[in-house]
file data36.cif (mmCIF, C-alpha atoms (C1' of nucleotides))
data_query
loop_
_atom_site.label_atom_id
_atom_site.label_comp_id
_atom_site.auth_asym_id
_atom_site.auth_seq_id
_atom_site.Cartn_x
_atom_site.Cartn_y
_atom_site.Cartn_z
CA MET A 1 -43.96 -38.56 -99.95
CA VAL A 2 -40.23 -39.20 -100.07
CA ARG A 3 -40.61 -42.13 -102.45
CA GLY A 4 -42.90 -40.02 -104.61
CA ILE A 5 -40.74 -36.95 -104.95
CA ARG A 6 -37.34 -38.67 -105.13
CA PRO A 7 -37.35 -39.44 -108.89
CA TRP A 8 -38.17 -35.80 -109.66
CA VAL A 9 -35.75 -34.23 -107.24
CA GLU A 10 -32.70 -36.32 -106.49
CA GLY A 11 -29.60 -35.29 -108.42
CA ARG A 12 -31.22 -32.14 -109.80
CA GLN A 13 -29.89 -28.63 -109.49
CA LEU A 14 -31.97 -26.14 -107.58
CA GLU A 15 -32.46 -23.15 -109.83
CA ASP A 16 -34.37 -21.11 -107.29
CA VAL A 17 -36.91 -21.21 -104.50
CA VAL A 18 -40.11 -19.19 -104.44
CA ARG A 19 -42.66 -18.26 -101.82
CA PRO A 20 -45.94 -18.07 -103.74
CA LEU A 21 -48.24 -15.17 -103.08
CA CYS A 22 -50.81 -16.42 -100.68
CA ARG A 23 -53.63 -14.69 -98.90
CA CYS A 24 -53.14 -16.79 -95.77
CA LYS A 25 -50.66 -16.22 -93.02
CA PRO A 26 -47.23 -17.44 -94.15
CA ILE A 27 -45.92 -20.71 -92.78
CA ALA A 28 -42.87 -20.82 -90.56
CA ILE A 29 -39.70 -20.74 -92.63
CA GLN A 30 -36.19 -20.60 -91.16
CA PRO A 31 -33.91 -18.80 -91.71
CA ALA A 32 -35.54 -15.70 -93.24
CA PHE A 33 -36.48 -16.33 -96.85
CA SER A 34 -33.90 -14.00 -98.47
CA GLU A 35 -31.03 -15.63 -96.59
CA LEU A 36 -32.36 -19.11 -97.21
CA ARG A 37 -32.63 -18.34 -100.94
CA LYS A 38 -29.03 -17.18 -101.19
CA ARG A 39 -27.82 -20.34 -99.50
CA VAL A 40 -29.60 -22.75 -101.82
CA GLN A 41 -29.57 -21.18 -105.28
CA GLY A 42 -27.58 -23.31 -107.70
CA ARG A 43 -27.04 -26.17 -105.26
CA VAL A 44 -27.75 -29.78 -106.15
CA VAL A 45 -30.19 -31.97 -104.23
CA ASP A 46 -27.93 -34.92 -103.47
CA ARG A 47 -30.31 -37.03 -101.47
CA VAL A 48 -33.97 -37.18 -100.47
CA TRP A 49 -34.73 -39.09 -97.29
CA ARG A 50 -36.78 -38.94 -94.14
CA ARG A 51 -36.50 -39.27 -90.39
CA ALA A 52 -39.83 -40.24 -88.81
CA LYS A 53 -42.36 -37.77 -90.24
CA ARG A 54 -39.83 -35.20 -91.40
CA ILE A 55 -38.62 -34.95 -94.98
CA VAL A 56 -35.00 -34.11 -95.77
CA LEU A 57 -33.70 -32.58 -99.00
CA GLU A 58 -29.94 -32.76 -98.60
CA LEU A 59 -27.93 -30.36 -100.74
CA ASN A 60 -24.36 -30.63 -102.01
CA SER A 61 -23.46 -27.68 -99.77
CA GLY A 62 -24.19 -29.77 -96.68
CA ASP A 63 -27.31 -27.76 -95.93
CA SER A 64 -30.60 -29.66 -95.67
CA PHE A 65 -34.16 -28.60 -96.13
CA LEU A 66 -36.12 -30.11 -93.28
CA ILE A 67 -39.82 -30.23 -94.05
CA GLU A 68 -42.54 -30.99 -91.51
CA PRO A 69 -45.91 -31.37 -93.22
CA ARG A 70 -47.84 -31.80 -89.93
CA MET A 71 -51.59 -32.16 -90.41
CA THR A 72 -52.34 -30.90 -93.90
CA GLY A 73 -49.00 -30.35 -95.59
CA LEU A 74 -48.29 -32.03 -98.93
CA MET A 75 -45.28 -32.42 -101.19
CA LEU A 76 -46.41 -32.22 -104.79
CA VAL A 77 -44.94 -32.54 -108.26
CA ALA A 78 -48.32 -32.13 -110.00
CA ASP A 79 -51.08 -29.52 -109.97
CA PRO A 80 -52.19 -28.81 -106.39
CA PRO A 81 -55.73 -29.21 -104.97
CA ASP A 82 -55.95 -25.40 -105.10
CA VAL A 83 -53.44 -22.61 -105.70
CA GLN A 84 -54.19 -20.45 -102.69
CA HIS A 85 -52.54 -22.83 -100.25
CA LEU A 86 -49.27 -23.27 -102.13
CA ARG A 87 -46.62 -22.24 -99.61
CA PHE A 88 -43.22 -22.95 -101.17
CA GLU A 89 -41.74 -23.89 -104.51
CA TRP A 90 -38.44 -25.48 -105.46
CA ARG A 91 -37.55 -24.71 -109.11
CA LEU A 92 -35.50 -27.56 -110.49
CA GLU A 93 -33.25 -27.34 -113.49
CA GLY A 94 -34.12 -29.68 -116.36
CA SER A 95 -37.14 -31.08 -114.59
CA GLN A 96 -40.53 -31.31 -116.20
CA ALA A 97 -42.23 -30.50 -112.92
CA ASN A 98 -41.14 -28.34 -110.05
CA LEU A 99 -41.59 -29.36 -106.44
CA TRP A 100 -44.22 -27.72 -104.23
CA PHE A 101 -45.19 -27.61 -100.60
CA TRP A 102 -48.96 -27.15 -100.22
CA ASP A 103 -50.61 -26.76 -96.82
CA ARG A 104 -54.23 -25.89 -96.12
CA ARG A 105 -53.93 -25.17 -92.39
CA GLY A 106 -50.44 -23.82 -92.60
CA LEU A 107 -49.06 -25.55 -89.52
CA GLY A 108 -46.25 -27.10 -91.51
CA THR A 109 -42.68 -25.80 -91.32
CA ILE A 110 -39.66 -25.57 -93.61
CA THR A 111 -36.20 -25.18 -92.13
CA LEU A 112 -32.85 -24.94 -93.83
CA CYS A 113 -30.19 -26.26 -91.50
CA ARG A 114 -26.52 -27.11 -91.31
CA PRO A 115 -25.55 -30.73 -90.60
CA GLU A 116 -25.03 -30.06 -86.87
CA GLU A 117 -28.36 -28.31 -86.55
CA ARG A 118 -30.10 -31.16 -88.34
CA ASP A 119 -28.44 -33.75 -86.12
CA ALA A 120 -29.40 -31.79 -83.02
CA ILE A 121 -33.05 -31.69 -84.09
CA PHE A 122 -33.12 -35.38 -84.97
CA SER A 123 -31.34 -36.40 -81.80
CA ARG A 124 -34.40 -35.25 -79.84
CA LEU A 125 -36.52 -37.89 -81.58
CA GLY A 126 -36.86 -41.45 -80.37
CA PRO A 127 -36.06 -44.50 -82.52
CA ASP A 128 -37.92 -44.65 -85.82
CA ALA A 129 -41.15 -46.65 -85.59
CA LEU A 130 -39.99 -48.93 -88.42
CA GLU A 131 -36.56 -49.55 -86.89
CA ILE A 132 -37.18 -49.77 -83.16
CA THR A 133 -36.50 -53.22 -81.65
CA PRO A 134 -38.77 -55.07 -79.18
CA ASP A 135 -36.17 -54.51 -76.44
CA GLN A 136 -36.15 -50.77 -77.13
CA TRP A 137 -39.95 -50.72 -77.03
CA TRP A 138 -39.86 -52.49 -73.68
CA ALA A 139 -37.17 -50.24 -72.19
CA ARG A 140 -39.19 -47.14 -73.06
CA LEU A 141 -42.72 -48.30 -72.35
CA SER A 142 -42.04 -50.10 -69.08
CA VAL A 143 -41.14 -46.76 -67.45
CA ALA A 144 -43.91 -44.67 -69.07
CA ARG A 145 -46.82 -43.88 -66.79
CA ARG A 146 -49.14 -42.47 -69.41
CA ASP A 147 -51.90 -44.16 -71.39
CA ILE A 148 -50.35 -46.27 -74.14
CA LYS A 149 -52.20 -44.30 -76.85
CA VAL A 150 -50.73 -41.03 -75.60
CA ALA A 151 -47.25 -42.58 -75.31
CA LEU A 152 -47.39 -43.78 -78.93
CA LEU A 153 -47.80 -40.18 -80.08
CA ASP A 154 -44.76 -38.94 -78.17
CA GLN A 155 -42.09 -38.56 -80.84
CA LYS A 156 -39.24 -38.78 -78.37
CA LEU A 157 -40.47 -42.14 -77.13
CA VAL A 158 -40.87 -43.56 -80.64
CA ALA A 159 -40.86 -41.40 -83.76
CA GLY A 160 -43.19 -41.73 -86.71
CA ILE A 161 -46.60 -42.75 -85.37
CA GLY A 162 -49.51 -40.32 -85.85
CA ASN A 163 -52.95 -40.11 -84.31
CA LEU A 164 -54.79 -42.18 -86.88
CA TYR A 165 -52.27 -45.00 -86.93
CA ALA A 166 -52.00 -45.15 -83.14
CA SER A 167 -55.67 -46.18 -82.97
CA GLU A 168 -55.29 -48.69 -85.79
CA ILE A 169 -52.18 -50.27 -84.23
CA LEU A 170 -53.75 -50.67 -80.78
CA HIS A 171 -56.86 -52.21 -82.27
CA LEU A 172 -54.84 -54.89 -84.07
CA CYS A 173 -53.01 -55.57 -80.81
CA GLY A 174 -56.23 -55.89 -78.81
CA ILE A 175 -54.90 -53.32 -76.35
CA HIS A 176 -57.23 -50.79 -74.69
CA PRO A 177 -55.93 -47.27 -75.45
CA GLN A 178 -56.22 -46.23 -71.78
CA THR A 179 -53.92 -48.99 -70.58
CA ARG A 180 -51.00 -47.53 -68.64
CA ALA A 181 -47.95 -48.11 -70.85
CA SER A 182 -45.83 -49.50 -68.02
CA ARG A 183 -48.42 -52.20 -67.32
CA LEU A 184 -48.14 -53.88 -70.71
CA THR A 185 -46.75 -57.40 -70.61
CA ARG A 186 -43.72 -58.37 -72.66
CA ALA A 187 -45.96 -60.36 -74.96
CA ARG A 188 -48.12 -57.33 -75.64
CA VAL A 189 -45.09 -55.13 -76.27
CA GLN A 190 -43.88 -57.72 -78.77
CA LYS A 191 -47.27 -57.59 -80.46
CA LEU A 192 -47.11 -53.79 -80.51
CA HIS A 193 -43.78 -54.01 -82.28
CA GLU A 194 -45.23 -56.30 -84.94
CA MET A 195 -48.48 -54.41 -85.49
CA THR A 196 -46.73 -51.05 -85.73
CA ARG A 197 -44.67 -52.36 -88.62
CA LEU A 198 -47.69 -53.99 -90.23
CA VAL A 199 -49.88 -50.89 -90.11
CA LEU A 200 -47.23 -48.40 -91.19
CA GLU A 201 -45.86 -50.55 -93.99
CA GLU A 202 -49.33 -51.27 -95.30
CA ALA A 203 -50.31 -47.60 -95.08
CA ILE A 204 -47.18 -46.56 -96.95
CA LEU A 205 -47.86 -49.21 -99.60
CA HIS A 206 -51.34 -47.73 -100.12
CA GLU A 207 -49.93 -44.19 -100.13
CA GLY A 208 -51.62 -42.97 -96.98
CA SER A 209 -55.15 -42.21 -95.89
CA THR A 210 -57.34 -39.66 -97.62
CA LEU A 211 -59.88 -38.77 -94.93
CA SER A 212 -63.34 -37.31 -95.42
CA ASP A 213 -61.94 -33.79 -95.79
CA GLY A 214 -59.94 -35.07 -98.78
CA THR A 215 -56.81 -33.24 -97.69
CA TYR A 216 -54.18 -35.91 -97.96
CA ARG A 217 -53.00 -36.59 -101.51
CA ASN A 218 -49.96 -38.30 -102.92
CA VAL A 219 -47.31 -36.31 -104.81
CA LEU A 220 -49.36 -36.54 -108.02
CA ASN A 221 -52.42 -35.11 -106.23
CA GLN A 222 -54.19 -38.48 -106.18
CA ASP A 223 -56.12 -40.07 -103.30
CA GLY A 224 -54.38 -42.44 -100.94
CA GLY A 225 -55.94 -45.86 -100.42
CA TYR A 226 -55.38 -46.85 -96.81
CA GLN A 227 -58.59 -45.23 -95.56
CA ASN A 228 -60.35 -48.30 -97.00
CA SER A 229 -58.39 -50.45 -94.58
CA HIS A 230 -59.20 -48.45 -91.45
CA ARG A 231 -60.76 -50.68 -88.86
CA VAL A 232 -61.55 -48.11 -86.18
CA TYR A 233 -60.38 -44.61 -87.09
CA ASP A 234 -63.31 -42.25 -87.73
CA ARG A 235 -65.74 -45.18 -87.50
CA GLU A 236 -67.54 -44.37 -84.25
CA GLY A 237 -70.76 -46.35 -83.84
CA MET A 238 -69.91 -48.84 -86.56
CA THR A 239 -69.50 -52.55 -86.02
CA CYS A 240 -65.98 -53.78 -85.37
CA PRO A 241 -64.64 -55.57 -88.47
CA THR A 242 -62.59 -57.97 -86.33
CA CYS A 243 -65.12 -59.34 -83.85
CA ALA A 244 -68.20 -58.37 -85.89
CA SER A 245 -70.13 -57.68 -82.70
CA GLY A 246 -68.45 -54.84 -80.80
CA THR A 247 -69.19 -51.19 -81.59
CA ILE A 248 -66.44 -48.69 -82.25
CA GLN A 249 -66.11 -46.10 -79.49
CA ARG A 250 -64.59 -42.62 -79.62
CA ILE A 251 -62.84 -41.09 -76.63
CA VAL A 252 -60.50 -38.12 -76.21
CA GLN A 253 -56.99 -38.51 -74.83
CA ALA A 254 -54.59 -35.58 -74.58
CA GLN A 255 -57.07 -33.52 -76.65
CA ARG A 256 -57.01 -35.99 -79.52
CA SER A 257 -59.55 -38.51 -80.73
CA THR A 258 -59.00 -42.19 -80.07
CA PHE A 259 -61.13 -44.93 -81.63
CA PHE A 260 -61.32 -48.50 -80.35
CA CYS A 261 -63.53 -51.57 -80.04
CA SER A 262 -64.71 -52.07 -76.48
CA ARG A 263 -64.99 -55.80 -77.08
CA CYS A 264 -61.64 -56.57 -78.77
CA GLN A 265 -59.77 -54.05 -76.63
CA ARG A 266 -60.70 -54.82 -73.04
CA LYS A 267 -59.24 -52.73 -70.26
CA ARG A 268 -57.13 -54.82 -67.91
"C1'" DC B 1 -36.75 -35.29 -65.42
"C1'" DA B 2 -41.96 -36.83 -67.01
"C1'" DT B 3 -46.41 -35.43 -67.97
"C1'" DA B 4 -50.43 -32.10 -68.93
"C1'" DT B 5 -52.40 -28.23 -71.41
"C1'" DG B 6 -53.01 -24.30 -74.58
"C1'" DT B 7 -51.81 -22.57 -78.98
"C1'" DC B 8 -50.57 -21.89 -83.74
"C1'" DC B 9 -53.88 -21.83 -88.62
"C1'" DT B 10 -57.76 -22.59 -92.14
"C1'" DG B 11 -61.92 -24.79 -93.58
"C1'" DA B 12 -65.64 -28.37 -93.42
"C1'" DG B 13 -69.68 -29.93 -91.49
"C1'" DA B 14 -73.30 -30.09 -87.80
"C1'" DG B 15 -76.91 -27.82 -85.46
"C1'" DC B 16 -79.84 -23.99 -84.86
"C1'" DT C 1 -79.29 -18.80 -96.04
"C1'" DG C 2 -76.06 -17.56 -92.29
"C1'" DC C 3 -74.43 -17.88 -87.87
"C1'" DT C 4 -71.78 -20.42 -84.13
"C1'" DC C 5 -69.56 -24.36 -82.58
"C1'" DT C 6 -66.55 -28.34 -82.93
"C1'" DC C 7 -63.34 -30.84 -85.06
"C1'" DA C 8 -59.26 -31.98 -87.98
"C1'" DG C 9 -52.97 -37.47 -90.23
"C1'" DG C 10 -48.97 -32.28 -85.25
"C1'" DA C 11 -45.57 -30.38 -82.44
"C1'" DC C 12 -43.94 -27.04 -79.36
"C1'" DA C 13 -43.65 -23.66 -75.29
"C1'" DT C 14 -44.91 -23.32 -70.91
"C1'" DA C 15 -46.78 -24.89 -66.51
"C1'" DT C 16 -47.04 -28.36 -62.89
#

call {"tool": "encode", "arguments": {"input": "data36.cif", "output": "structure tokens"}}
result
Amino acid sequence: MVRGIRPWVEGRQLEDVVRPLCRCKPIAIQPAFSELRKRVQGRVVDRVWRRAKRIVLELNSGDSFLIEPRMTGLMLVADPPDVQHLRFEWRLEGSQANLWFWDRRGLGTITLCRPEERDAIFSRLGPDALEITPDQWWARLSVARRDIKVALLDQKLVAGIGNLYASEILHLCGIHPQTRASRLTRARVQKLHEMTRLVLEEAILHEGSTLSDGTYRNVLNQDGGYQNSHRVYDREGMTCPTCASGTIQRIVQAQRSTFFCSRCQRKR
DNA sequence: CATATGTCCTGAGAGC
DNA sequence: TGCTCTCAGGACATAT
């Protein structure tokens, strides 16, 4: 999302922000919209970046928009999938397209924060999944008593891995999702480090995964492509593409679906 | 402190 | 067709 919106947004002046009329319950915006609007009108978006799964629009006033898309939130610079779930608009001076936040379920959040507030929020997150070192992985996992799959979703342990990718990563590692994190060997933690990078980088390259509900789109409202590379996610009952003999299983851990191959990912 | 659970919200698809 | 139920790329408050 950040790579997609950057060329349209970075260096541009923010003419105004708008909350589109929407029949659904409004998403969480902080501070109150009128105050937020006063603080950002006329400012320039200096930098667009991200920390884990959160998007940052940094303004020349020092304030930052912090956007959390959560499950169904999208950043868009093109026509949205539908208009009734448009939640927020940034009107940019001299830009062909404005920037939109679209969110079907409405669990996403938009926060305008000062540098200290932003740092405080980010300091609660663990190391980024693409930057964490094998030693950091080891230090954190060797003291975690939960199932490895559940630990991977804890953003203060490591930040940036979501439910779908947790299953994909563990499958490539040959690790059973119900393995207690602290029982992983050093070799398996090393493998986890490598496969996390592989899966996330590949997924980013293919612009994400558009699942059967079609919700996820890139910033131009086009399908992602990584769903074609899924080996286990949402493939219950299908044959494992790695061993070509195991069947993909679905279990629930911490109220969330996990998919794995019972042959490649033995419990031990 | 670490870990477990319910909750926020809308819509799609399954089963009856 | 229409109803009910379950499930969904997430994170947080609250309880244990």

call {"tool": "atom_distance", "arguments": {"input": "data36.cif", "atom1": "atom CA of Arg140 of chain A", "atom2": "atom CA of Leu66 of chain A"}}
result
26.6 Å

call {"tool": "resolve_selection", "arguments": {"input": "data36.cif", "expression": "the PyMOL selection byres ((chain C) within 12 of (chain A))", "output": "PyMOL selection string"}}
result
chain C and resi 7-12

call {"tool": "resolve_selection", "arguments": {"input": "data36.cif", "expression": "the PyMOL selection byres ((chain B) within 10 of (chain A))", "output": "mmCIF file with C-alpha atoms (C1' of nucleotides), keeping the file's coordinate frame"}}
result
data_model
loop_
_atom_site.group_PDB
_atom_site.id
_atom_site.type_symbol
_atom_site.label_atom_id
_atom_site.label_comp_id
_atom_site.auth_asym_id
_atom_site.auth_seq_id
_atom_site.Cartn_x
_atom_site.Cartn_y
_atom_site.Cartn_z
ATOM 1 C "C1'" DA B 2 -41.960 -36.830 -67.010
ATOM 2 C "C1'" DT B 3 -46.410 -35.430 -67.970
ATOM 3 C "C1'" DA B 4 -50.430 -32.100 -68.930
ATOM 4 C "C1'" DT B 5 -52.400 -28.230 -71.410
ATOM 5 C "C1'" DC B 8 -50.570 -21.890 -83.740
ATOM 6 C "C1'" DC B 9 -53.880 -21.830 -88.620
ATOM 7 C "C1'" DT B 10 -57.760 -22.590 -92.140
ATOM 8 C "C1'" DG B 11 -61.920 -24.790 -93.580
ATOM 9 C "C1'" DA B 12 -65.640 -28.370 -93.420
ATOM 10 C "C1'" DG B 13 -69.680 -29.930 -91.490
#

call {"tool": "resolve_selection", "arguments": {"input": "data36.cif", "expression": "the PyMOL selection byres ((chain A and resi 4) around 9)", "output": "number ranges by chain"}}
result
A: 1-3, 5-8, 75-77, 218-220

call {"tool": "residues_around", "arguments": {"input": "data36.cif", "residues": "DC5 of chain C", "least_positions_apart": "3", "cutoff": "12 Å", "atoms": "only C-alpha atoms (C1' of nucleotides)", "output": "PDB file with C-alpha atoms (C1' of nucleotides), keeping the file's coordinate frame"}}
result
ATOM      1  C1'  DG B  13     -69.680 -29.930 -91.490  1.00  0.00           C
ATOM      2  C1'  DA B  14     -73.300 -30.090 -87.800  1.00  0.00           C
ATOM      3  C1'  DG B  15     -76.910 -27.820 -85.460  1.00  0.00           C
ATOM      4  C1'  DC B  16     -79.840 -23.990 -84.860  1.00  0.00           C
TER       5       DC B  16
END

call {"tool": "atom_distance", "arguments": {"input": "data36.cif", "atom1": "atom CA of Leu86 of chain A", "atom2": "atom CA of Cys22 of chain A"}}
result
7.2 Å

call {"tool": "atom_distance", "arguments": {"input": "data36.cif", "atom1": "atom CA of Gly160 of chain A", "atom2": "atom CA of Thr111 of chain A"}}
result
18.8 Å

call {"tool": "closest_residue", "arguments": {"input": "data36.cif", "among": "A:Thr258, A:Thr196, A:Gln227, A:Asn221", "to": "Asp147 of chain A", "atoms": "all atoms listed in the file"}}
result
A:Thr258

call {"tool": "axis_aligned_box", "arguments": {"input": "data36.cif", "around": "segment 2-12 of chain C", "padding_each_side": "4 Å", "output": "JSON"}}
result
{"center_x": -60.0, "center_y": -27.5, "center_z": -85.8, "size_x": 40.1, "size_y": 27.9, "size_z": 20.9}

call {"tool": "residues_around", "arguments": {"input": "data36.cif", "residues": "segment 168-179 of chain A", "least_positions_apart": "6", "cutoff": "6 Å", "atoms": "only C-alpha atoms (C1' of nucleotides)", "output": "PyMOL selection string"}}
result
chain A and resi 147-149+195-196+264-267

call {"tool": "decode", "arguments": {"input": "data36.cif", "residues": "segment 239-268 of chain A", "atoms": "N, CA and C atoms", "output": "JSON list (two decimals), in the first residue's frame"}}
result
[["chain", "number", "residue", "atom", "x", "y", "z"],
["A", 239, "THR", "N", -4.76, -31.39, -1.45],
["A", 239, "THR", "CA", -3.47, -32.07, -1.32],
["A", 239, "THR", "C", -2.35, -31.05, -1.14],
["A", 240, "CYS", "N", -1.43, -31.38, -0.25],
["A", 240, "CYS", "CA", -0.31, -30.48, 0.01],
["A", 240, "CYS", "C", 0.57, -30.35, -1.23],
["A", 241, "PRO", "N", 0.87, -29.14, -1.67],
["A", 241, "PRO", "CA", 1.68, -28.95, -2.87],
["A", 241, "PRO", "C", 3.15, -29.31, -2.66],
["A", 242, "THR", "N", 3.58, -29.42, -1.41],
["A", 242, "THR", "CA", 4.99, -29.72, -1.14],
["A", 242, "THR", "C", 5.25, -31.22, -1.17],
["A", 243, "CYS", "N", 4.46, -31.98, -0.37],
["A", 243, "CYS", "CA", 4.72, -33.42, -0.30],
["A", 243, "CYS", "C", 3.83, -34.20, -1.26],
["A", 244, "ALA", "N", 2.83, -33.54, -1.81],
["A", 244, "ALA", "CA", 1.93, -34.15, -2.79],
["A", 244, "ALA", "C", 1.21, -35.39, -2.27],
["A", 245, "SER", "N", 1.19, -35.56, -0.94],
["A", 245, "SER", "CA", 0.45, -36.71, -0.41],
["A", 245, "SER", "C", -0.36, -36.36, 0.83],
["A", 246, "GLY", "N", 0.13, -35.39, 1.63],
["A", 246, "GLY", "CA", -0.62, -34.98, 2.81],
["A", 246, "GLY", "C", -1.85, -34.18, 2.41],
["A", 247, "THR", "N", -2.80, -34.08, 3.36],
["A", 247, "THR", "CA", -4.01, -33.28, 3.13],
["A", 247, "THR", "C", -3.96, -32.07, 4.06],
["A", 248, "ILE", "N", -4.39, -30.93, 3.53],
["A", 248, "ILE", "CA", -4.36, -29.72, 4.35],
["A", 248, "ILE", "C", -5.46, -29.77, 5.41],
["A", 249, "GLN", "N", -5.06, -29.50, 6.65],
["A", 249, "GLN", "CA", -5.98, -29.50, 7.78],
["A", 249, "GLN", "C", -6.28, -28.06, 8.19],
["A", 250, "ARG", "N", -7.48, -27.88, 8.80],
["A", 250, "ARG", "CA", -7.80, -26.58, 9.39],
["A", 250, "ARG", "C", -8.07, -26.78, 10.87],
["A", 251, "ILE", "N", -7.43, -25.98, 11.70],
["A", 251, "ILE", "CA", -7.71, -25.98, 13.13],
["A", 251, "ILE", "C", -7.94, -24.53, 13.56],
["A", 252, "VAL", "N", -8.40, -24.35, 14.80],
["A", 252, "VAL", "CA", -8.60, -22.99, 15.32],
["A", 252, "VAL", "C", -7.67, -22.79, 16.51],
["A", 253, "GLN", "N", -6.92, -21.70, 16.47],
["A", 253, "GLN", "CA", -6.04, -21.34, 17.58],
["A", 253, "GLN", "C", -6.29, -19.88, 17.92],
["A", 254, "ALA", "N", -6.55, -19.62, 19.18],
["A", 254, "ALA", "CA", -6.87, -18.25, 19.63],
["A", 254, "ALA", "C", -7.97, -17.65, 18.76],
["A", 255, "GLN", "N", -9.00, -18.42, 18.48],
["A", 255, "GLN", "CA", -10.17, -18.00, 17.69],
["A", 255, "GLN", "C", -9.86, -17.65, 16.25],
["A", 256, "ARG", "N", -8.73, -18.14, 15.74],
["A", 256, "ARG", "CA", -8.40, -17.83, 14.35],
["A", 256, "ARG", "C", -8.00, -19.10, 13.62],
["A", 257, "SER", "N", -8.36, -19.16, 12.34],
["A", 257, "SER", "CA", -8.06, -20.35, 11.55],
["A", 257, "SER", "C", -6.57, -20.53, 11.32],
["A", 258, "THR", "N", -6.14, -21.78, 11.40],
["A", 258, "THR", "CA", -4.78, -22.14, 11.03],
["A", 258, "THR", "C", -4.87, -23.28, 10.03],
["A", 259, "PHE", "N", -4.06, -23.24, 8.99],
["A", 259, "PHE", "CA", -4.03, -24.31, 8.00],
["A", 259, "PHE", "C", -2.62, -24.90, 7.97],
["A", 260, "PHE", "N", -2.56, -26.23, 7.86],
["A", 260, "PHE", "CA", -1.23, -26.87, 7.81],
["A", 260, "PHE", "C", -1.35, -28.25, 7.19],
["A", 261, "CYS", "N", -0.19, -28.80, 6.81],
["A", 261, "CYS", "CA", -0.14, -30.16, 6.27],
["A", 261, "CYS", "C", 0.31, -31.09, 7.38],
["A", 262, "SER", "N", -0.51, -32.09, 7.67],
["A", 262, "SER", "CA", -0.19, -32.97, 8.80],
["A", 262, "SER", "C", 1.00, -33.87, 8.49],
["A", 263, "ARG", "N", 1.39, -33.93, 7.24],
["A", 263, "ARG", "CA", 2.54, -34.77, 6.90],
["A", 263, "ARG", "C", 3.84, -33.96, 6.93],
["A", 264, "CYS", "N", 3.84, -32.79, 6.29],
["A", 264, "CYS", "CA", 5.06, -31.95, 6.28],
["A", 264, "CYS", "C", 5.32, -31.32, 7.64],
["A", 265, "GLN", "N", 4.24, -31.09, 8.40],
["A", 265, "GLN", "CA", 4.38, -30.35, 9.66],
["A", 265, "GLN", "C", 4.02, -31.25, 10.84],
["A", 266, "ARG", "N", 4.91, -32.19, 11.13],
["A", 266, "ARG", "CA", 4.69, -33.13, 12.22],
["A", 266, "ARG", "C", 4.84, -32.44, 13.57],
["A", 267, "LYS", "N", 4.02, -32.86, 14.51],
["A", 267, "LYS", "CA", 4.15, -32.36, 15.87],
["A", 267, "LYS", "C", 5.31, -33.11, 16.53],
["A", 268, "ARG", "N", 6.19, -32.37, 17.22],
["A", 268, "ARG", "CA", 7.27, -33.03, 17.91],
["A", 268, "ARG", "C", 7.80, -32.21, 19.05]]
